[in-house]
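Pasted below: query.txt, compact mmCIF, C-alpha atoms (C1' of nucleotides).
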```
# COMPACT_ATOMS: atom_id res chain seq x y z
CA MET A 1 0.00 0.00 0.00
CA PHE A 2 2.86 2.41 0.86
CA GLU A 3 5.93 2.42 -1.30
CA LEU A 4 8.99 4.31 -0.14
CA ILE A 5 10.55 5.68 -3.31
CA THR A 6 13.54 7.40 -1.79
CA THR A 7 14.70 9.20 1.33
CA ASP A 8 16.87 12.23 1.99
CA GLY A 9 17.94 12.35 5.59
CA ALA A 10 14.77 11.70 7.57
CA ALA A 11 12.62 13.13 4.75
CA ARG A 12 10.72 10.56 2.74
CA ARG A 13 9.41 10.49 -0.83
CA GLY A 14 6.67 7.88 -1.13
CA ARG A 15 3.56 6.65 -2.88
CA TYR A 16 0.42 5.49 -1.14
CA THR A 17 -2.27 3.47 -2.90
CA THR A 18 -5.99 3.62 -2.08
CA PRO A 19 -9.10 2.15 -3.74
CA HIS A 20 -9.44 5.51 -5.53
CA GLY A 21 -5.93 5.96 -6.80
CA THR A 22 -2.41 6.68 -5.63
CA VAL A 23 -1.04 9.59 -3.65
CA GLU A 24 2.43 11.04 -4.09
CA THR A 25 3.92 11.93 -0.71
CA PRO A 26 4.71 14.13 1.11
CA VAL A 27 1.21 15.41 0.52
CA PHE A 28 -1.11 18.11 1.81
CA MET A 29 -4.73 17.04 2.07
CA ASN A 30 -7.31 19.67 1.23
CA VAL A 31 -9.98 20.09 3.86
CA GLY A 32 -13.63 19.89 2.84
CA THR A 33 -15.26 19.34 6.18
CA GLN A 34 -18.85 19.17 4.99
CA ALA A 35 -18.10 17.62 1.60
CA ALA A 36 -17.36 21.08 0.22
CA ILE A 37 -14.37 23.38 0.34
CA LYS A 38 -15.32 26.51 2.25
CA GLY A 39 -15.05 29.44 -0.09
CA ALA A 40 -17.33 27.97 -2.77
CA LEU A 41 -15.05 25.33 -4.32
CA ASP A 42 -16.31 22.00 -5.63
CA ALA A 43 -14.60 18.74 -6.52
CA PHE A 44 -13.63 19.97 -9.99
CA ASP A 45 -12.03 23.06 -8.51
CA LEU A 46 -10.06 20.74 -6.25
CA GLU A 47 -8.61 19.05 -9.30
CA SER A 48 -7.55 22.33 -10.86
CA VAL A 49 -5.88 23.34 -7.64
CA GLY A 50 -3.70 20.21 -7.64
CA CYS A 51 -5.39 18.40 -4.77
CA GLN A 52 -4.56 14.70 -4.35
CA VAL A 53 -6.58 13.83 -1.26
CA GLU A 54 -9.76 15.42 0.00
CA LEU A 55 -10.54 15.35 3.72
CA SER A 56 -14.06 15.31 5.11
CA ASN A 57 -15.40 15.15 8.58
CA THR A 58 -17.35 12.41 10.34
CA TYR A 59 -18.82 14.65 13.00
CA HIS A 60 -20.19 17.29 10.63
CA LEU A 61 -21.55 14.84 8.06
CA HIS A 62 -23.16 12.74 10.76
CA LEU A 63 -25.09 15.78 11.97
CA ARG A 64 -25.93 16.89 8.43
CA PRO A 65 -27.00 15.33 6.09
CA GLY A 66 -26.42 12.06 7.98
CA GLU A 67 -24.27 9.13 6.83
CA GLU A 68 -27.20 7.10 5.47
CA THR A 69 -28.08 9.87 3.07
CA VAL A 70 -24.48 10.03 1.88
CA ALA A 71 -24.38 6.22 1.54
CA ALA A 72 -27.59 6.29 -0.50
CA MET A 73 -26.01 8.83 -2.83
CA GLY A 74 -23.02 6.62 -3.55
CA GLY A 75 -20.84 7.52 -0.59
CA LEU A 76 -18.76 10.68 -0.41
CA HIS A 77 -17.18 9.99 -3.79
CA GLY A 78 -20.49 9.81 -5.60
CA PHE A 79 -22.14 12.49 -3.51
CA MET A 80 -19.58 15.22 -4.07
CA ARG A 81 -18.27 13.88 -7.41
CA TRP A 82 -14.69 13.56 -6.26
CA HIS A 83 -13.29 10.30 -7.54
CA ARG A 84 -9.85 10.42 -6.01
CA PRO A 85 -8.75 9.49 -2.49
CA ILE A 86 -10.74 10.69 0.49
CA LEU A 87 -9.76 10.61 4.16
CA THR A 88 -12.33 11.13 6.89
CA ASP A 89 -11.49 12.47 10.28
CA SER A 90 -13.11 10.47 13.05
CA GLY A 91 -14.88 13.26 14.87
CA GLY A 92 -12.63 12.83 17.86
CA PHE A 93 -11.15 16.27 17.53
CA GLN A 94 -14.51 18.02 17.02
CA VAL A 95 -15.92 16.43 20.14
CA PHE A 96 -13.18 18.19 22.03
CA SER A 97 -12.99 21.45 20.11
CA LEU A 98 -16.55 22.28 19.05
CA ALA A 99 -18.99 20.46 21.29
CA GLU A 100 -19.88 21.59 24.78
CA LEU A 101 -20.94 19.60 27.78
CA ARG A 102 -18.95 16.52 26.93
CA ASN A 103 -18.76 13.52 29.16
CA ILE A 104 -15.98 11.03 28.42
CA ARG A 105 -16.46 7.41 29.44
CA GLU A 106 -14.76 4.18 28.51
CA GLU A 107 -17.64 3.41 26.20
CA GLY A 108 -17.39 6.70 24.32
CA VAL A 109 -18.19 10.39 24.55
CA GLU A 110 -21.48 12.12 25.18
CA PHE A 111 -21.78 15.70 24.00
CA ARG A 112 -24.14 18.25 22.55
CA SER A 113 -24.49 19.11 18.88
CA HIS A 114 -23.15 22.55 18.05
CA ILE A 115 -26.01 22.89 15.55
CA ASP A 116 -29.13 22.24 17.60
CA GLY A 117 -27.83 21.32 21.04
CA ARG A 118 -29.22 17.79 21.07
CA ARG A 119 -27.39 15.04 22.92
CA ILE A 120 -25.16 12.82 20.83
CA PHE A 121 -23.19 9.76 21.83
CA MET A 122 -20.07 8.91 19.84
CA SER A 123 -18.11 5.71 20.39
CA PRO A 124 -15.24 4.09 18.46
CA GLU A 125 -17.74 1.70 16.87
CA GLY A 126 -20.13 4.55 16.08
CA SER A 127 -17.43 6.61 14.42
CA MET A 128 -16.33 3.60 12.35
CA ARG A 129 -19.91 2.86 11.32
CA ILE A 130 -20.36 6.45 10.14
CA GLN A 131 -17.05 6.51 8.28
CA SER A 132 -17.88 3.17 6.69
CA ARG A 133 -21.18 4.54 5.42
CA LEU A 134 -19.42 7.68 4.15
CA GLY A 135 -17.16 5.35 2.16
CA SER A 136 -13.88 7.21 2.53
CA ASP A 137 -10.64 5.45 1.56
CA ILE A 138 -8.93 6.17 4.86
CA ALA A 139 -10.83 6.21 8.12
CA MET A 140 -9.21 7.75 11.16
CA ALA A 141 -9.37 6.22 14.61
CA PHE A 142 -11.68 7.73 17.19
CA ASP A 143 -9.33 9.27 19.73
CA GLU A 144 -9.22 11.70 22.58
CA CYS A 145 -7.30 14.87 21.88
CA VAL A 146 -6.10 16.31 25.18
CA GLU A 147 -5.38 19.97 25.47
CA ASN A 148 -1.89 21.25 26.14
CA PRO A 149 -0.86 21.51 28.81
CA SER A 150 -2.60 18.68 30.67
CA PRO A 151 -1.54 16.89 33.86
CA ARG A 152 0.70 13.92 33.22
CA GLU A 153 -1.56 11.45 35.05
CA TYR A 154 -4.53 12.43 32.93
CA VAL A 155 -2.53 12.19 29.69
CA VAL A 156 -1.34 8.69 30.62
CA ARG A 157 -4.87 7.46 31.29
CA SER A 158 -6.21 9.20 28.20
CA ALA A 159 -3.52 7.68 25.96
CA GLU A 160 -4.29 4.21 27.31
CA ARG A 161 -7.99 4.71 26.63
CA THR A 162 -7.24 5.98 23.13
CA TYR A 163 -5.28 2.76 22.57
CA ARG A 164 -8.21 0.61 23.71
CA TRP A 165 -10.49 2.66 21.46
CA LEU A 166 -8.12 2.02 18.54
CA VAL A 167 -8.37 -1.75 19.05
CA ARG A 168 -12.16 -1.43 19.02
CA CYS A 169 -12.04 0.72 15.87
CA ASN A 170 -9.94 -1.93 14.15
CA THR A 171 -12.36 -4.74 14.98
CA ALA A 172 -15.40 -2.67 14.07
CA LEU A 173 -14.10 -1.58 10.68
CA ALA A 174 -13.26 -5.16 9.73
CA ASP A 175 -16.89 -6.07 10.44
CA PHE A 176 -18.27 -3.16 8.45
CA ASN A 177 -15.97 -3.87 5.50
CA SER A 178 -17.20 -7.45 5.26
CA ALA A 179 -20.84 -6.38 5.24
CA GLU A 180 -22.68 -6.86 1.94
CA ASP A 181 -23.70 -3.24 1.58
CA ALA A 182 -20.29 -1.78 2.42
CA VAL A 183 -19.88 1.48 0.49
CA ASN A 184 -16.11 1.10 0.12
CA PRO A 185 -14.93 -2.39 1.20
CA GLY A 186 -11.31 -1.40 0.65
CA GLN A 187 -11.49 1.29 3.33
CA VAL A 188 -8.62 1.16 5.82
CA LEU A 189 -8.05 2.42 9.35
CA TRP A 190 -5.16 4.61 10.42
CA GLY A 191 -4.20 4.78 14.08
CA ILE A 192 -3.49 7.96 15.98
CA ASN A 193 -0.64 8.59 18.38
CA GLN A 194 -1.44 10.65 21.47
CA GLY A 195 0.38 11.58 24.65
CA GLY A 196 0.13 15.34 24.91
CA ALA A 197 3.42 17.17 25.19
CA TYR A 198 5.14 14.25 26.96
CA ALA A 199 7.61 12.66 24.56
CA ASP A 200 8.03 9.49 26.64
CA ILE A 201 4.27 8.87 26.80
CA ARG A 202 4.07 9.38 23.06
CA VAL A 203 6.92 6.96 22.36
CA GLU A 204 5.32 4.25 24.52
CA HIS A 205 1.97 4.87 22.86
CA MET A 206 3.47 4.59 19.39
CA LYS A 207 5.18 1.33 20.30
CA LYS A 208 1.83 -0.11 21.37
CA ILE A 209 -0.24 1.02 18.40
CA ARG A 210 2.32 -0.10 15.82
CA GLU A 211 1.78 -3.66 17.01
CA LEU A 212 -1.67 -3.49 15.43
CA ASP A 213 0.07 -3.40 12.05
CA LEU A 214 -2.17 -0.69 10.62
CA PRO A 215 -1.63 0.72 7.10
CA GLY A 216 -0.94 4.22 8.39
CA TYR A 217 -0.17 6.13 11.59
CA ALA A 218 -1.12 9.66 12.52
CA ILE A 219 0.25 11.94 15.19
CA GLY A 220 -2.59 13.86 16.77
CA GLY A 221 -2.96 16.43 19.47
CA LEU A 222 -0.16 18.70 18.32
CA ALA A 223 -0.28 22.35 17.30
CA VAL A 224 -2.94 22.89 19.93
CA GLY A 225 -1.19 25.55 21.93
CA GLU A 226 2.25 24.13 22.73
CA PRO A 227 5.37 25.92 21.48
CA THR A 228 6.45 24.89 17.97
CA GLU A 229 9.78 23.61 19.31
CA VAL A 230 7.91 21.16 21.52
CA MET A 231 6.07 19.84 18.48
CA TYR A 232 9.31 19.36 16.55
CA ASP A 233 10.91 17.70 19.54
CA ILE A 234 8.04 15.24 19.83
CA LEU A 235 8.26 14.44 16.12
CA GLU A 236 11.96 13.67 16.53
CA HIS A 237 11.10 11.18 19.27
CA VAL A 238 7.97 9.65 17.75
CA CYS A 239 8.76 9.32 14.02
CA PRO A 240 11.67 6.89 14.55
CA GLU A 241 9.28 4.67 16.53
CA ALA A 242 6.69 4.58 13.73
CA PRO A 243 7.04 1.74 11.20
CA ALA A 244 9.23 2.93 8.33
CA ASP A 245 7.08 1.24 5.71
CA ARG A 246 3.86 3.01 6.70
CA PRO A 247 2.86 6.62 6.06
CA ARG A 248 2.90 9.15 8.91
CA TYR A 249 0.27 11.82 9.13
CA LEU A 250 0.69 14.92 11.29
CA MET A 251 -2.89 16.00 11.93
CA GLY A 252 -3.93 19.60 11.56
CA VAL A 253 -0.53 21.06 10.66
CA GLY A 254 0.28 23.66 9.60
CA THR A 255 2.12 26.69 8.29
CA PRO A 256 4.45 26.24 5.32
CA SER A 257 7.49 26.13 7.58
CA ASN A 258 5.73 23.73 9.97
CA ILE A 259 5.26 21.40 7.01
CA ILE A 260 8.83 21.68 5.74
CA GLU A 261 10.25 21.16 9.24
CA SER A 262 7.97 18.17 9.80
CA VAL A 263 8.88 16.58 6.47
CA ALA A 264 12.48 16.98 7.56
CA ARG A 265 11.60 14.86 10.60
CA GLY A 266 9.87 12.13 8.61
CA VAL A 267 6.21 13.10 8.18
CA ASP A 268 4.36 12.21 4.94
CA PHE A 269 0.77 13.48 5.26
CA PHE A 270 -0.61 16.83 6.38
CA ASP A 271 -3.89 18.66 6.54
CA CYS A 272 -4.73 22.10 7.81
CA VAL A 273 -7.56 24.60 7.64
CA MET A 274 -5.08 27.44 7.68
CA PRO A 275 -4.63 28.10 3.95
CA ALA A 276 -8.40 28.12 3.39
CA ARG A 277 -9.28 30.08 6.50
CA ASN A 278 -6.53 32.59 5.91
CA ALA A 279 -7.74 33.00 2.34
CA ARG A 280 -11.24 33.79 3.57
CA HIS A 281 -9.66 36.49 5.71
CA ALA A 282 -7.70 37.91 2.77
CA HIS A 283 -4.36 36.47 3.91
CA VAL A 284 -2.68 34.91 0.90
CA TYR A 285 0.68 33.27 0.39
CA THR A 286 3.53 34.26 -1.88
CA LEU A 287 7.00 32.77 -2.25
CA ASP A 288 8.31 35.75 -0.28
CA GLY A 289 5.82 35.58 2.58
CA ARG A 290 2.21 36.21 3.39
CA ILE A 291 0.28 39.34 2.47
CA ASN A 292 -3.08 40.75 3.59
CA LEU A 293 -5.08 41.74 0.52
CA ARG A 294 -7.26 44.08 2.59
CA ASN A 295 -4.29 46.36 3.19
CA ALA A 296 -4.56 49.71 1.47
CA ALA A 297 -1.20 49.08 -0.18
CA TYR A 298 -2.89 46.83 -2.74
CA GLU A 299 -5.60 49.26 -3.84
CA ARG A 300 -3.92 49.85 -7.21
CA ASP A 301 -1.50 46.94 -7.34
CA GLU A 302 -1.66 45.52 -10.84
CA ARG A 303 0.42 42.45 -10.02
CA PRO A 304 -1.08 39.02 -9.37
CA ILE A 305 -0.86 37.71 -5.79
CA ASP A 306 2.35 35.88 -6.71
CA GLU A 307 4.09 36.51 -10.01
CA HIS A 308 5.48 32.98 -10.09
CA CYS A 309 2.14 31.29 -9.36
CA GLY A 310 0.28 29.38 -12.06
CA CYS A 311 -3.10 29.21 -10.33
CA TYR A 312 -6.35 30.32 -11.93
CA THR A 313 -6.51 33.43 -9.77
CA CYS A 314 -2.96 34.57 -10.48
CA ARG A 315 -3.30 33.89 -14.21
CA HIS A 316 -6.33 36.18 -14.48
CA PHE A 317 -6.64 38.75 -11.70
CA SER A 318 -4.74 41.54 -9.96
CA ARG A 319 -4.20 42.24 -6.29
CA ALA A 320 -6.17 45.46 -6.82
CA TYR A 321 -9.22 43.52 -8.01
CA LEU A 322 -9.02 41.09 -5.10
CA HIS A 323 -8.53 44.01 -2.68
CA HIS A 324 -11.74 45.52 -4.01
CA LEU A 325 -13.65 42.22 -3.82
CA PHE A 326 -12.67 41.80 -0.17
CA LYS A 327 -13.63 45.35 0.75
CA ALA A 328 -16.93 44.93 -1.05
CA GLU A 329 -17.45 41.58 0.66
CA GLU A 330 -18.15 39.81 -2.58
CA MET A 331 -18.05 36.04 -2.11
CA LEU A 332 -15.88 35.86 -5.21
CA SER A 333 -13.08 37.28 -3.05
CA MET A 334 -13.03 34.14 -0.94
CA ARG A 335 -13.28 31.75 -3.84
CA LEU A 336 -10.37 33.33 -5.72
CA ALA A 337 -8.21 33.59 -2.60
CA VAL A 338 -8.91 30.00 -1.54
CA ILE A 339 -8.07 28.76 -5.04
CA HIS A 340 -4.73 30.53 -4.78
CA ASN A 341 -3.81 29.38 -1.29
CA LEU A 342 -4.69 25.74 -1.91
CA TYR A 343 -2.77 25.80 -5.18
CA PHE A 344 0.12 27.37 -3.32
CA TYR A 345 0.13 24.65 -0.66
CA ASN A 346 -0.21 21.85 -3.20
CA SER A 347 2.62 23.20 -5.30
CA LEU A 348 4.73 23.69 -2.19
CA MET A 349 4.35 19.94 -1.62
CA GLU A 350 5.37 19.35 -5.22
CA ARG A 351 8.54 21.36 -4.64
CA ILE A 352 9.21 19.37 -1.48
CA ARG A 353 8.82 16.07 -3.34
CA ALA A 354 11.14 17.25 -6.10
CA ALA A 355 13.73 18.39 -3.57
CA ILE A 356 13.71 15.01 -1.82
CA GLU A 357 13.98 13.16 -5.14
CA ALA A 358 16.96 15.32 -6.07
CA HIS A 359 18.42 14.75 -2.58
CA GLU A 360 18.54 18.48 -2.08
CA PHE A 361 16.01 18.70 0.69
CA GLU A 362 18.34 20.24 3.28
CA ALA A 363 19.17 23.12 0.96
CA PHE A 364 15.49 23.56 0.14
CA ARG A 365 14.62 23.57 3.82
CA ARG A 366 17.23 26.20 4.65
CA GLU A 367 16.09 28.44 1.84
CA TRP A 368 12.33 28.24 2.30
CA SER A 369 11.41 27.28 5.80
CA GLU A 370 11.32 30.68 7.49
CA ARG A 371 10.82 32.70 4.36
CA LEU A 372 7.37 31.32 3.54
CA ASP A 373 5.89 32.14 6.94
CA ARG A 374 7.18 35.69 6.94
CA ARG A 375 4.71 38.53 6.66
CA LEU A 376 5.29 40.70 3.67
CA TYR A 377 4.56 44.40 3.66
CA ALA A 378 3.92 46.44 0.50
C1' G B 1 -40.84 87.07 5.05
C1' U B 2 -43.06 84.50 9.82
C1' G B 3 -42.96 80.35 13.30
C1' G B 4 -40.61 75.82 14.82
C1' G B 5 -36.61 72.17 14.74
C1' U B 6 -31.56 70.31 14.04
C1' G B 7 -26.21 71.20 13.84
C1' U B 8 -21.02 66.38 18.20
C1' G B 9 -14.64 62.11 14.58
C1' G B 10 -15.86 59.85 7.21
C1' C B 11 -21.40 58.28 8.23
C1' G B 12 -25.40 57.53 12.00
C1' U B 13 -26.05 58.63 16.97
C1' A B 14 -25.35 59.15 23.06
C1' G B 15 -24.21 62.74 26.15
C1' U B 16 -28.64 63.13 33.03
C1' U B 17 -31.04 69.78 36.65
C1' G B 18 -23.61 72.87 33.29
C1' G B 19 -18.60 69.18 36.56
C1' C B 20 -13.18 65.08 35.91
C1' U B 21 -8.67 62.29 29.72
C1' A B 22 -16.50 63.72 25.06
C1' A B 23 -19.15 57.64 24.77
C1' C B 24 -21.20 53.96 21.07
C1' G B 25 -22.21 51.50 16.30
C1' C B 26 -20.64 51.41 11.27
C1' G B 27 -16.52 52.72 8.32
C1' U B 28 -11.01 53.32 8.01
C1' C B 29 -6.04 51.27 9.36
C1' G B 30 -3.31 47.08 11.40
C1' G B 31 -2.95 42.22 13.77
C1' A B 32 -4.72 37.16 15.15
C1' U B 33 -6.66 32.30 13.25
C1' U B 34 -2.91 24.92 12.89
C1' G B 35 -7.64 16.86 12.71
C1' U B 36 -12.55 24.47 9.53
C1' G B 37 -15.92 29.42 13.80
C1' G B 38 -17.01 32.52 5.89
C1' U B 39 -21.34 36.43 10.13
C1' U B 40 -14.99 35.40 15.02
C1' C B 41 -11.45 37.85 18.27
C1' C B 42 -7.73 41.78 19.50
C1' G B 43 -5.49 46.50 18.79
C1' A B 44 -4.95 51.58 16.60
C1' A B 45 -5.90 56.23 14.31
C1' G B 46 -9.62 59.89 14.01
C1' A B 47 -13.87 65.30 16.95
C1' C B 48 -10.64 71.81 20.07
C1' C B 49 -18.92 69.28 20.03
C1' G B 50 -21.41 74.68 12.85
C1' U B 51 -19.13 79.88 13.69
C1' G B 52 -18.38 84.33 16.87
C1' G B 53 -19.31 86.49 21.45
C1' G B 54 -21.30 86.23 26.60
C1' U B 55 -22.73 84.18 31.71
C1' U B 56 -19.88 80.92 35.20
C1' C B 57 -14.65 78.54 39.30
C1' G B 58 -16.14 75.42 35.11
C1' A B 59 -20.16 75.30 28.80
C1' G B 60 -21.32 69.85 24.07
C1' U B 61 -25.07 71.35 27.76
C1' C B 62 -27.42 78.17 29.60
C1' C B 63 -27.89 83.33 26.89
C1' C B 64 -27.12 86.56 22.33
C1' A B 65 -25.76 86.95 17.36
C1' U B 66 -24.63 84.60 12.91
C1' C B 67 -24.34 80.65 9.13
C1' A B 68 -26.21 75.97 7.10
C1' C B 69 -29.96 72.41 6.54
C1' C B 70 -35.12 70.55 7.47
C1' C B 71 -40.51 71.28 8.34
C1' A B 72 -44.89 74.27 8.49
C1' C B 73 -47.37 78.87 7.24
C1' C B 74 -47.93 83.47 4.34
```
Entire entry expressed as structure tokens:
Amino acid sequence: MFELITTDGAARRGRYTTPHGTVETPVFMNVGTQAAIKGALDAFDLESVGCQVELSNTYHLHLRPGEETVAAMGGLHGFMRWHRPILTDSGGFQVFSLAELRNIREEGVEFRSHIDGRRIFMSPEGSMRIQSRLGSDIAMAFDECVENPSPREYVVRSAERTYRWLVRCNTALADFNSAEDAVNPGQVLWGINQGGAYADIRVEHMKKIRELDLPGYAIGGLAVGEPTEVMYDILEHVCPEAPADRPRYLMGVGTPSNIIESVARGVDFFDCVMPARNARHAHVYTLDGRINLRNAAYERDERPIDEHCGCYTCRHFSRAYLHHLFKAEEMLSMRLAVIHNLYFYNSLMERIRAAIEAHEFEAFRREWSERLDRRLYA
RNA sequence: GUGGGUGUGGCGUAGUUGGCUAACGCGUCGGAUUGUGGUUCCGAAGACCGUGGGUUCGAGUCCCAUCACCCACC
């Protein structure tokens, strides 16, 4: 399923195969929480933006329209007309970030819907059932994401429970895959490493979950408030403990330099709302840093967002036009900015892959890491 | 021409019987956002209160004049 093409230091250039095609790694997955990319992009836009994997969300789609509706419409692939790989997040993170009044038990988590406030119970089996009906190619384990910082004792107990939940997820998905009406029988489960900001807990946790011999391993619960150095330090401890022949997915990360630095430590998959959310707020990326299109400096700027960018937006429109669209609050502003930022991220990954293949990743990292996160004025 | 009303940052307003660095919304400018909050959060600049006098220890608040705009009536 995962083929390691070449390595350059700890950085890896690989290829991952799913029932809906292969993925060249390192890769950035484009987030479409509710089976749509916020900012008015559809599946065909995703193609034009260079997306390889689309990511949707169990929690949101369970609440609306409901997994049985999606299953009846041919699963996520048929529903949203995206015929390439899809990964679904388990809902674990949303339970802890969006929902209020949650009550965590061994069996699962009880919480209230952020839409209508009704009580919902989510268990490992429940999350797997939903993801099975959604028919994604990669289902994520239902885990507990602890906030940082958290007391060591709590993190230990939480990580143990997340392990037990992972075992239950694994059993449940096997059952759902063998069912006659399975939407995507080739769907696989990826495990998630937890352990807060404690490197030793994380290492022990990774050693345990790798015994399950899953086709992929994620590192969750990072970039949730801890200093960036702590995140890098944890990656340096955890990645060597993950099986070398399986992809590693750093959940929810991050900025361009976060991604480059994490690739340098052995990560293969990423996802992040940042490029899309920033785009909606007029923050767009260039090879020299990030700019805010709302700034008055761009009122009569004839240049595209990035002169070296080949995206639809940069090929057709000026910063001045986008500046106007944002000030006028036209929804086109978001669409054009999101198209650019996603294209930017996807082509950044392409550059990373090329650098690893050429065994020039260290030079690439030195040149780009800080530069891309920098804010650019005028 | 007569009577009445209103004039406070770019816009719309609040400012108690005159009392401390003139408040608020929008807008402007800038910043946040990491397994998605498109309607979120934070910060900043900006008014000598139409103009000129007067009363008072003290005036956006009271008095006089004047200008502008609005309404009604000849």
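We find CA of Phe269 in chain A and CA of Ile138 in chain A to be spaced 12.2 Å apart.
Nearest to C73 in chain B of all the residues B:G31, B:G10, B:G1, B:G25 is B:G1, based on all atoms listed in the file.
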**Message:** Could you tell me how far CA of Met80 in chain A sits from CA of Ala36 in chain A, in Å to one decimal place?
**Reply:**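 Between these atoms lies a distance of 7.6 Å.
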Cut-off 8 Å: closest chain A/chain B atom pairs per residue, using all atoms listed in the file, as a Markdown table:
```
| residue | atom | partner | partner_atom | distance |
| --- | --- | --- | --- | --- |
| A:Val31 | CA | B:U36 | C1' | 7.6 |
| A:Thr33 | CA | B:U36 | C1' | 6.7 |
| A:Lys38 | CA | B:G38 | C1' | 7.2 |
| A:Gly39 | CA | B:G38 | C1' | 7.0 |
| A:Asp89 | CA | B:G35 | C1' | 6.3 |
| A:Phe93 | CA | B:G35 | C1' | 6.0 |
| A:Gly220 | CA | B:G35 | C1' | 7.1 |
| A:Ala223 | CA | B:U34 | C1' | 5.7 |
| A:Val224 | CA | B:U34 | C1' | 7.3 |
| A:Met251 | CA | B:G35 | C1' | 4.9 |
| A:Gly252 | CA | B:G35 | C1' | 4.8 |
| A:Val253 | CA | B:U34 | C1' | 5.1 |
| A:Gly254 | CA | B:U34 | C1' | 4.8 |
| A:Thr255 | CA | B:U34 | C1' | 7.0 |
| A:Asp271 | CA | B:G35 | C1' | 7.4 |
| A:Cys272 | CA | B:U34 | C1' | 6.1 |
| A:Val273 | CA | B:U36 | C1' | 5.3 |
| A:Met274 | CA | B:U34 | C1' | 6.2 |
| A:Arg277 | CA | B:U36 | C1' | 7.2 |
| A:Asn278 | CA | B:U33 | C1' | 7.3 |
| A:Arg280 | CA | B:G38 | C1' | 6.3 |
```
Selection file, C-alpha atoms, as a short mmCIF file (atom, residue, chain, number, x, y, z; two decimals), keeping the file's coordinate frame:
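Written out: again03.cif:
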```
data_model
loop_
_atom_site.label_atom_id
_atom_site.label_comp_id
_atom_site.auth_asym_id
_atom_site.auth_seq_id
_atom_site.Cartn_x
_atom_site.Cartn_y
_atom_site.Cartn_z
CA VAL A 31 -9.98 20.09 3.86
CA THR A 33 -15.26 19.34 6.18
CA LYS A 38 -15.32 26.51 2.25
CA GLY A 39 -15.05 29.44 -0.09
CA ASP A 89 -11.49 12.47 10.28
CA PHE A 93 -11.15 16.27 17.53
CA GLY A 220 -2.59 13.86 16.77
CA ALA A 223 -0.28 22.35 17.30
CA VAL A 224 -2.94 22.89 19.93
CA MET A 251 -2.89 16.00 11.93
CA GLY A 252 -3.93 19.60 11.56
CA VAL A 253 -0.53 21.06 10.66
CA GLY A 254 0.28 23.66 9.60
CA THR A 255 2.12 26.69 8.29
CA ASP A 271 -3.89 18.66 6.54
CA CYS A 272 -4.73 22.10 7.81
CA VAL A 273 -7.56 24.60 7.64
CA MET A 274 -5.08 27.44 7.68
CA ARG A 277 -9.28 30.08 6.50
CA ASN A 278 -6.53 32.59 5.91
CA ARG A 280 -11.24 33.79 3.57
#
```
**Request:** Mind giving me the straight-line distance from CA of Tyr285 in chain A to CA of Arg315 in chain A in Å, one decimal?
**Result:** 15.1 Å
Could you check which residues have any atom within 9 Å of (-5.8, 17.1, 25.5), counting all atoms listed in the file with coordinates taken straight from the file, and then list them as a PDB file with C-alpha atoms, in the frame of the given file?
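Writing done, so here's out14.pdb:
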```pdb
ATOM      1  CA  PHE A  96     -13.180  18.190  22.030  1.00  0.00           C
ATOM      2  CA  GLU A 144      -9.220  11.700  22.580  1.00  0.00           C
ATOM      3  CA  CYS A 145      -7.300  14.870  21.880  1.00  0.00           C
ATOM      4  CA  VAL A 146      -6.100  16.310  25.180  1.00  0.00           C
ATOM      5  CA  GLU A 147      -5.380  19.970  25.470  1.00  0.00           C
ATOM      6  CA  ASN A 148      -1.890  21.250  26.140  1.00  0.00           C
ATOM      7  CA  PRO A 149      -0.860  21.510  28.810  1.00  0.00           C
ATOM      8  CA  SER A 150      -2.600  18.680  30.670  1.00  0.00           C
ATOM      9  CA  TYR A 154      -4.530  12.430  32.930  1.00  0.00           C
ATOM     10  CA  VAL A 155      -2.530  12.190  29.690  1.00  0.00           C
ATOM     11  CA  SER A 158      -6.210   9.200  28.200  1.00  0.00           C
ATOM     12  CA  GLN A 194      -1.440  10.650  21.470  1.00  0.00           C
ATOM     13  CA  GLY A 195       0.380  11.580  24.650  1.00  0.00           C
ATOM     14  CA  GLY A 196       0.130  15.340  24.910  1.00  0.00           C
ATOM     15  CA  GLY A 221      -2.960  16.430  19.470  1.00  0.00           C
ATOM     16  CA  VAL A 224      -2.940  22.890  19.930  1.00  0.00           C
TER      17      VAL A 224
END
```
**Request:** Using all atoms listed in the file, give me every residue within 12 Å of (-23.9, 10.9, 20.0) in file coordinates, as a PyMOL selection string.
**Result:** chain A and resi 58-60+62-63+91-92+95+99+102-104+107-114+117-127+130
Range 164-168 of chain A rebuilt with N, CA and C atoms, output as a short mmCIF file (atom, residue, chain, number, x, y, z; two decimals), in the coordinates of the input:
```
data_model
loop_
_atom_site.label_atom_id
_atom_site.label_comp_id
_atom_site.auth_asym_id
_atom_site.auth_seq_id
_atom_site.Cartn_x
_atom_site.Cartn_y
_atom_site.Cartn_z
N ARG A 164 -7.11 1.60 23.67
CA ARG A 164 -8.21 0.61 23.71
C ARG A 164 -9.28 0.96 22.66
N TRP A 165 -9.53 2.23 22.48
CA TRP A 165 -10.49 2.66 21.46
C TRP A 165 -10.01 2.26 20.06
N LEU A 166 -8.69 2.37 19.85
CA LEU A 166 -8.12 2.02 18.54
C LEU A 166 -8.34 0.53 18.23
N VAL A 167 -8.14 -0.31 19.24
CA VAL A 167 -8.37 -1.75 19.05
C VAL A 167 -9.83 -1.99 18.66
N ARG A 168 -10.73 -1.29 19.32
CA ARG A 168 -12.16 -1.43 19.02
C ARG A 168 -12.48 -0.92 17.61
#
```
